[in-house]
Amino acid sequence: MPMKVGIVGMPNAGKSSLFSALTGVAAEAANYPFTTIEPNVAVVPVEDDRMRRVADTVRASKVVWDTIAFHDIAGLVAGAHRGEGLGNQFLANIRETDALLHVVRAHTDAGIVHSEGSVDPLRDIETIETELMYADLEQAQRRLERVVRQARGGDRHAIAEQRWLEQVVAALSAGRPVRTVPVPDEAPDAATLLGSLTSKPVLLVANVDEGDAEVPAAIAAYAASQGARAVAVSARLEAELGALEAGEAAEMRADLGLAESGLQAVVRGAFELLDLIAFFTAGEDKPAQTWHLRRGLSAWHAAGQIHSDIQRGFVRAEVVSWEALVQFGGYAGAREHAALRLEGRDYVMADGDVITIKFTP
Ligand SMILES: Nc1nc2c(ncn2[C@@H]2O[C@H](COP(=O)(O)OP(=O)(O)OP(=O)(O)O)[C@@H](O)[C@H]2O)c(=O)[nH]1
Ligand SMILES: [Mg+2]
């Protein structure tokens, strides 16, 4: 399953510009609100130099990159949950994402219309978070009605889920997001079943003036107060640079005094947000592949990423770190140096592991 990231924010905040920069796909970006009237989804490969070296070492036929799917939706305005604007229709498209990028307008270009008439990042952040909470509240109330009926039958999962949903409704009504309500052990999938937006991790993306590299102080302070992350990017500049040849873009970046692509900060921020590790599968004359897994999960979970049949028939895993595999020139060398280990299903995967799973079909 590729990771999915939803992009939210006010109309004209710069979501589609960021999207097209991220994807190289020219999502329509134009200077009037509600440009995006169809959800845009773009699948972006996540390249990893370690994988290149592993693939060379084992003489893999090619490399298949893991991907992130970015979902661009229309801007949300105050009242979106009641059907104001176009955003509410599209919230459904991002209920199944793993994380959100919240694009906040922080650039001061007077030529770009703001739907509220002025640039005020903190007000905008609050508007979006409130709309996401209202949308979750409606969803939670609807789900609660269903689950109450199931709980009457004495189903333990339903009883636990009902209790959790009641706490969720209370929290949202008090202006607290779903992530503040711990999910019960008896119903660990409760947040997924609800498809709540405010249980997802959020990366605040401050869309700053061209040439700025700092997150504005007010946004940084807000993010810190919420335990959230924030990065700064000029969405328009990045979209423009993304349309250039690599060499030209690097030159222009140097002229502007920008050290690295703002997009790298966004992609890295999304990875840190999701607390992911990378692992690899690779063999001679076969496609080598990169995968991602939430930190702390086991070889059995890794098997499930690769294929449900492999997970079902899991017998054991052969694991080697990517460095050892490269250093010892392949699997045979790694085995000779005892760097290749046999592990059971509960082995906790480490970042950069190369894994071969033995399974009974
Ligand atoms: N000056 C400046 N303009 C920007 C920046 N980012 C976006 N814009 C402009 O702002 C306008 C709106 O940008 P979009 O990316 O379409 O905004 P959006 O959030 O997708 O808007 P909706 O889809 O309507 O909600 C376009 O004219 C962009 O060129 C930026 O960093 N600086
Ligand atoms: Mg748009």
# chains A, B, ... in the order shown; residues from 1 in each chain; ligands from 1
>>> residues_around(residues="Ala170 of chain A", least_positions_apart="5", cutoff="12 Å", atoms="only C-alpha atoms", output="PyMOL selection string")
chain A and resi 133+136-137+140-141+163-165+175-178+180-181
>>> select_by_dssp(residues="segment 201-360 of chain A", states="strand (DSSP E)", output="PyMOL selection string")
chain A and resi 202-207+229-233+276-281+287-294+314-321+341-343+353-359
>>> write_last_selection(atoms="N, CA and C atoms", output="compact mmCIF listing (two decimals), in the first residue's frame")
# COMPACT_ATOMS: atom_id res chain seq x y z
N VAL A 202 -0.10 15.94 11.35
CA VAL A 202 -0.15 17.10 10.44
C VAL A 202 1.22 17.74 10.33
N LEU A 203 1.62 18.05 9.11
CA LEU A 203 2.81 18.87 8.88
C LEU A 203 2.34 20.22 8.38
N LEU A 204 2.65 21.28 9.15
CA LEU A 204 2.28 22.63 8.70
C LEU A 204 3.31 23.09 7.68
N VAL A 205 2.83 23.52 6.51
CA VAL A 205 3.73 24.01 5.47
C VAL A 205 3.45 25.50 5.30
N ALA A 206 4.37 26.33 5.80
CA ALA A 206 4.22 27.78 5.67
C ALA A 206 4.64 28.16 4.25
N ASN A 207 3.69 28.68 3.48
CA ASN A 207 3.99 29.10 2.11
C ASN A 207 4.49 30.54 2.17
N ARG A 229 4.93 19.65 13.62
CA ARG A 229 6.10 20.08 12.88
C ARG A 229 5.69 21.16 11.88
N ALA A 230 6.65 22.02 11.53
CA ALA A 230 6.38 23.03 10.52
C ALA A 230 7.61 23.18 9.63
N VAL A 231 7.39 23.39 8.35
CA VAL A 231 8.47 23.69 7.42
C VAL A 231 8.06 24.90 6.59
N ALA A 232 9.06 25.58 6.00
CA ALA A 232 8.78 26.74 5.15
C ALA A 232 9.12 26.39 3.71
N VAL A 233 8.29 26.87 2.80
CA VAL A 233 8.53 26.62 1.39
C VAL A 233 7.84 27.74 0.60
N LEU A 276 8.38 6.57 9.85
CA LEU A 276 8.58 5.42 8.98
C LEU A 276 10.05 5.00 8.91
N ILE A 277 10.27 3.71 8.70
CA ILE A 277 11.59 3.24 8.33
C ILE A 277 11.49 2.65 6.92
N ALA A 278 12.65 2.57 6.24
CA ALA A 278 12.69 1.96 4.91
C ALA A 278 13.30 0.57 5.04
N PHE A 279 12.77 -0.40 4.29
CA PHE A 279 13.46 -1.68 4.15
C PHE A 279 13.45 -2.08 2.69
N PHE A 280 14.32 -3.06 2.36
CA PHE A 280 14.55 -3.38 0.95
C PHE A 280 14.40 -4.88 0.70
N THR A 281 13.95 -5.23 -0.51
CA THR A 281 14.05 -6.61 -1.00
C THR A 281 14.87 -6.54 -2.29
N PRO A 287 13.75 -7.57 -9.92
CA PRO A 287 13.60 -6.17 -9.50
C PRO A 287 13.85 -6.03 -8.00
N ALA A 288 14.68 -5.07 -7.63
CA ALA A 288 14.86 -4.74 -6.21
C ALA A 288 13.79 -3.72 -5.86
N GLN A 289 13.36 -3.73 -4.61
CA GLN A 289 12.24 -2.86 -4.27
C GLN A 289 12.42 -2.22 -2.90
N THR A 290 11.99 -0.97 -2.79
CA THR A 290 12.01 -0.28 -1.49
C THR A 290 10.61 -0.30 -0.90
N TRP A 291 10.55 -0.40 0.43
CA TRP A 291 9.27 -0.45 1.14
C TRP A 291 9.37 0.42 2.37
N HIS A 292 8.23 0.78 2.93
CA HIS A 292 8.26 1.52 4.19
C HIS A 292 7.33 0.89 5.20
N LEU A 293 7.71 1.07 6.45
CA LEU A 293 6.99 0.44 7.55
C LEU A 293 7.05 1.39 8.74
N ARG A 294 6.00 1.40 9.53
CA ARG A 294 6.03 2.24 10.74
C ARG A 294 7.08 1.68 11.69
N PHE A 314 4.12 -17.03 6.44
CA PHE A 314 5.42 -16.64 7.00
C PHE A 314 6.08 -17.79 7.77
N VAL A 315 7.31 -18.14 7.41
CA VAL A 315 8.06 -19.15 8.16
C VAL A 315 9.19 -18.48 8.92
N ARG A 316 10.07 -17.79 8.21
CA ARG A 316 11.15 -17.04 8.85
C ARG A 316 11.68 -15.99 7.87
N ALA A 317 12.52 -15.13 8.39
CA ALA A 317 13.08 -14.08 7.54
C ALA A 317 14.60 -14.13 7.61
N GLU A 318 15.26 -13.91 6.48
CA GLU A 318 16.70 -13.70 6.46
C GLU A 318 16.91 -12.20 6.36
N VAL A 319 17.66 -11.67 7.34
CA VAL A 319 17.80 -10.21 7.43
C VAL A 319 19.28 -9.83 7.44
N VAL A 320 19.61 -8.78 6.69
CA VAL A 320 20.97 -8.24 6.70
C VAL A 320 20.86 -6.72 6.55
N SER A 321 21.73 -5.99 7.21
CA SER A 321 21.68 -4.53 7.05
C SER A 321 22.22 -4.18 5.65
N ARG A 341 21.22 -12.84 9.19
CA ARG A 341 20.63 -13.49 10.36
C ARG A 341 19.29 -14.12 10.02
N LEU A 342 18.97 -15.21 10.71
CA LEU A 342 17.62 -15.78 10.60
C LEU A 342 16.79 -15.17 11.72
N GLU A 343 15.62 -14.65 11.37
CA GLU A 343 14.78 -14.01 12.37
C GLU A 343 13.36 -14.56 12.27
N ASP A 353 17.19 -2.39 6.65
CA ASP A 353 17.26 -3.86 6.57
C ASP A 353 16.96 -4.32 5.15
N VAL A 354 17.71 -5.35 4.73
CA VAL A 354 17.38 -6.05 3.48
C VAL A 354 16.83 -7.41 3.91
N ILE A 355 15.65 -7.76 3.43
CA ILE A 355 14.95 -8.92 3.97
C ILE A 355 14.53 -9.89 2.86
N THR A 356 14.68 -11.19 3.17
CA THR A 356 14.16 -12.25 2.29
C THR A 356 13.25 -13.11 3.16
N ILE A 357 12.00 -13.23 2.80
CA ILE A 357 11.06 -13.96 3.64
C ILE A 357 10.82 -15.34 3.06
N LYS A 358 11.01 -16.35 3.91
CA LYS A 358 10.68 -17.73 3.53
C LYS A 358 9.25 -17.98 3.97
N PHE A 359 8.47 -18.51 3.05
CA PHE A 359 7.06 -18.72 3.40
C PHE A 359 6.53 -19.99 2.73
>>> closest_residue(among="A:Gln150, A:Ala135, A:Arg345, A:Glu284", to="Leu172 of chain A", atoms="only C-alpha atoms")
A:Ala135
>>> closest_residue(among="A:Val5, A:Ala239, A:Ala42, A:Ala92", to="ligand 1", atoms="only C-alpha atoms and all ligand atoms")
A:Ala239
>>> closest_residue(among="A:Ala282, A:Ile306, A:Ala160, A:Val41", to="Ala60 of chain A", atoms="only C-alpha atoms")
A:Ala282
>>> residues_around(residues="segment 295-300 of chain A", least_positions_apart="4", cutoff="7 Å", atoms="only C-alpha atoms", output="short mmCIF file (atom, residue, chain, number, x, y, z; two decimals) with C-alpha atoms, in the first residue's frame")
data_model
loop_
_atom_site.label_atom_id
_atom_site.label_comp_id
_atom_site.auth_asym_id
_atom_site.auth_seq_id
_atom_site.Cartn_x
_atom_site.Cartn_y
_atom_site.Cartn_z
CA ASP A 275 7.62 7.72 11.82
CA LEU A 276 8.58 5.42 8.98
CA ILE A 277 11.59 3.24 8.33
CA GLY A 304 2.30 -8.05 4.92
CA GLN A 311 2.46 -12.84 5.46
CA ARG A 345 8.01 -13.14 12.88
CA ASP A 346 8.42 -10.90 15.95
CA TYR A 347 11.78 -9.44 14.89
CA VAL A 348 11.52 -5.64 14.99
CA MET A 349 12.58 -4.26 11.61
#
>>> closest_residue(among="A:Gly269, A:Gly195, A:Pro121, A:Pro188", to="Tyr222 of chain A", atoms="only C-alpha atoms")
A:Pro121
>>> closest_residue(among="A:Glu245, A:Glu251, A:Glu323, A:Glu166", to="Arg142 of chain A", atoms="only C-alpha atoms")
A:Glu166
>>> closest_residue(among="A:Val8, A:Met51, A:Ala243, A:Leu144", to="ligand 1", atoms="only C-alpha atoms and all ligand atoms")
A:Val8
>>> atom_distance(atom1="atom CA of Ala332 of chain A", atom2="atom CA of Lys62 of chain A")
20.4 Å
>>> residues_around(residues="segment 240-242 of chain A", least_positions_apart="5", cutoff="9 Å", atoms="only C-alpha atoms", output="mmCIF file with N, CA and C atoms, in the first residue's frame")
data_model
loop_
_atom_site.group_PDB
_atom_site.id
_atom_site.type_symbol
_atom_site.label_atom_id
_atom_site.label_comp_id
_atom_site.auth_asym_id
_atom_site.auth_seq_id
_atom_site.Cartn_x
_atom_site.Cartn_y
_atom_site.Cartn_z
ATOM 1 N N SER A 17 -0.099 24.584 -6.119
ATOM 2 C CA SER A 17 1.284 24.927 -6.494
ATOM 3 C C SER A 17 2.245 23.951 -5.840
ATOM 4 N N SER A 20 1.902 20.544 -7.499
ATOM 5 C CA SER A 20 2.548 20.382 -8.807
ATOM 6 C C SER A 20 4.059 20.388 -8.660
ATOM 7 N N ALA A 21 4.558 21.149 -7.658
ATOM 8 C CA ALA A 21 5.999 21.100 -7.412
ATOM 9 C C ALA A 21 6.401 19.707 -6.941
ATOM 10 N N LEU A 22 5.615 19.138 -6.049
ATOM 11 C CA LEU A 22 5.917 17.822 -5.496
ATOM 12 C C LEU A 22 5.885 16.740 -6.547
ATOM 13 N N THR A 23 5.072 16.888 -7.491
ATOM 14 C CA THR A 23 4.805 15.797 -8.403
ATOM 15 C C THR A 23 5.378 16.034 -9.782
ATOM 16 N N GLY A 24 5.731 17.267 -10.068
ATOM 17 C CA GLY A 24 6.148 17.568 -11.418
ATOM 18 C C GLY A 24 4.962 17.589 -12.362
ATOM 19 N N ALA A 235 5.784 27.867 -2.413
ATOM 20 C CA ALA A 235 5.141 26.890 -3.300
ATOM 21 C C ALA A 235 5.277 27.307 -4.759
ATOM 22 N N GLU A 248 19.646 23.930 -14.394
ATOM 23 C CA GLU A 248 19.112 25.300 -14.355
ATOM 24 C C GLU A 248 18.500 25.613 -12.987
ATOM 25 N N ALA A 249 17.754 24.648 -12.473
ATOM 26 C CA ALA A 249 17.081 24.841 -11.185
ATOM 27 C C ALA A 249 18.107 25.033 -10.081
ATOM 28 N N ALA A 250 19.200 24.231 -10.118
ATOM 29 C CA ALA A 250 20.241 24.332 -9.092
ATOM 30 C C ALA A 250 20.906 25.708 -9.148
ATOM 31 N N MET A 252 19.565 28.509 -10.298
ATOM 32 C CA MET A 252 18.636 29.536 -9.837
ATOM 33 C C MET A 252 18.517 29.493 -8.309
ATOM 34 N N ARG A 253 18.526 28.281 -7.765
ATOM 35 C CA ARG A 253 18.473 28.112 -6.321
ATOM 36 C C ARG A 253 19.687 28.786 -5.674
#
>>> atom_distance(atom1="atom 30 (C, counted along the ligand's line) of ligand 1", atom2="atom CA of Leu263 of chain A")
13.5 Å
>>> atom_distance(atom1="atom CA of Leu193 of chain A", atom2="atom CA of Pro2 of chain A")
19.0 Å
